[in-house]
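Notes to accompany the following structure.
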Amino acid sequence: MDFYNRHYILLDGENRIIDGWSDGPLAGKDTEDAICINEQGGYQFRLFTDGEENPALVDETGAHLWKYAGEVKPATEAEKEAERESFPQPEPGEEERLRQRVTELEEALELLLSGEVA
């Protein structure tokens, strides 16, 4: 008798795959909102039957690599770029704030020296 593990994915509101696991190592994980993509999988999670074990779901920038619409598909470059653009931008650090202030002062000094400001 063969023994199989189920492989699950969890999606966000944009159908991006935000989590994936096998009920082998994660037998107790909640599957209520998950989609079972393989009922006869191995112990380790795979997006595809012959695919990589425990594949990355996001790239180095945090953009999701995979989506699901009845089947697992790679995200397009345009989709990943749109997601990256939606990320909150970090507040500038002290060095960047100082650089910005120096630029502002240089511009003001140029105006003063050009005689354009009375």
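All residue names refer to the structure tokens as shown: chains lettered A, B, ... in order, residues numbered from 1 in each chain, ligands numbered from 1 in order.
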
Report the residues of chain A whose backbone DSSP state falls under helix (DSSP H, G or I), written as a PyMOL selection string. chain A and resi 77-86+94-114

DSSP-assigned strand (DSSP E) among chain A, expressed as a count of residues only: 26

Select from region 35-114 of chain A every residue with an atom at most 12 Å from any atom of region 19-23 of chain A, then for each give the shortest pair of atoms and their distance in Å to one decimal, using only C-alpha atoms, rows by chain and rising number, as a Markdown table.
| residue | atom | partner | partner_atom | distance |
| --- | --- | --- | --- | --- |
| A:Ile35 | CA | A:Gly20 | CA | 9.4 |
| A:Cys36 | CA | A:Ser22 | CA | 9.5 |
| A:Ile37 | CA | A:Gly20 | CA | 9.7 |
| A:Asn38 | CA | A:Ser22 | CA | 9.2 |
| A:Glu39 | CA | A:Ser22 | CA | 9.8 |
| A:Gln40 | CA | A:Ser22 | CA | 10.5 |
| A:Gly41 | CA | A:Ser22 | CA | 7.9 |
| A:Gly42 | CA | A:Ser22 | CA | 7.9 |
| A:Tyr43 | CA | A:Ser22 | CA | 6.5 |
| A:Gln44 | CA | A:Ser22 | CA | 5.8 |
| A:Phe45 | CA | A:Ser22 | CA | 4.7 |
| A:Arg46 | CA | A:Trp21 | CA | 7.9 |
| A:Leu47 | CA | A:Gly20 | CA | 7.9 |
| A:Phe48 | CA | A:Gly20 | CA | 11.6 |
| A:Glu53 | CA | A:Trp21 | CA | 10.1 |
| A:Asn54 | CA | A:Trp21 | CA | 7.7 |
| A:Pro55 | CA | A:Gly20 | CA | 8.8 |
| A:Ala56 | CA | A:Gly20 | CA | 9.5 |
| A:Leu57 | CA | A:Asp19 | CA | 7.2 |
| A:Val58 | CA | A:Asp19 | CA | 9.7 |
| A:His64 | CA | A:Asp19 | CA | 10.1 |
| A:Leu65 | CA | A:Asp19 | CA | 11.3 |
| A:Trp66 | CA | A:Asp19 | CA | 10.2 |
| A:Lys67 | CA | A:Asp19 | CA | 10.9 |
| A:Tyr68 | CA | A:Asp19 | CA | 11.7 |
| A:Val72 | CA | A:Gly20 | CA | 11.5 |

Would you mind listing what lies within 12 Å of Glu32 (chain A) as a PyMOL selection string, with only C-alpha atoms counted and same-chain residues fewer than 5 positions away left out? chain A and resi 8-10

One decimal, Å: what's the distance from CA of Asp59 (chain A) over to CA of Arg84 (chain A), could you say?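 So the answer is 10.4 Å.
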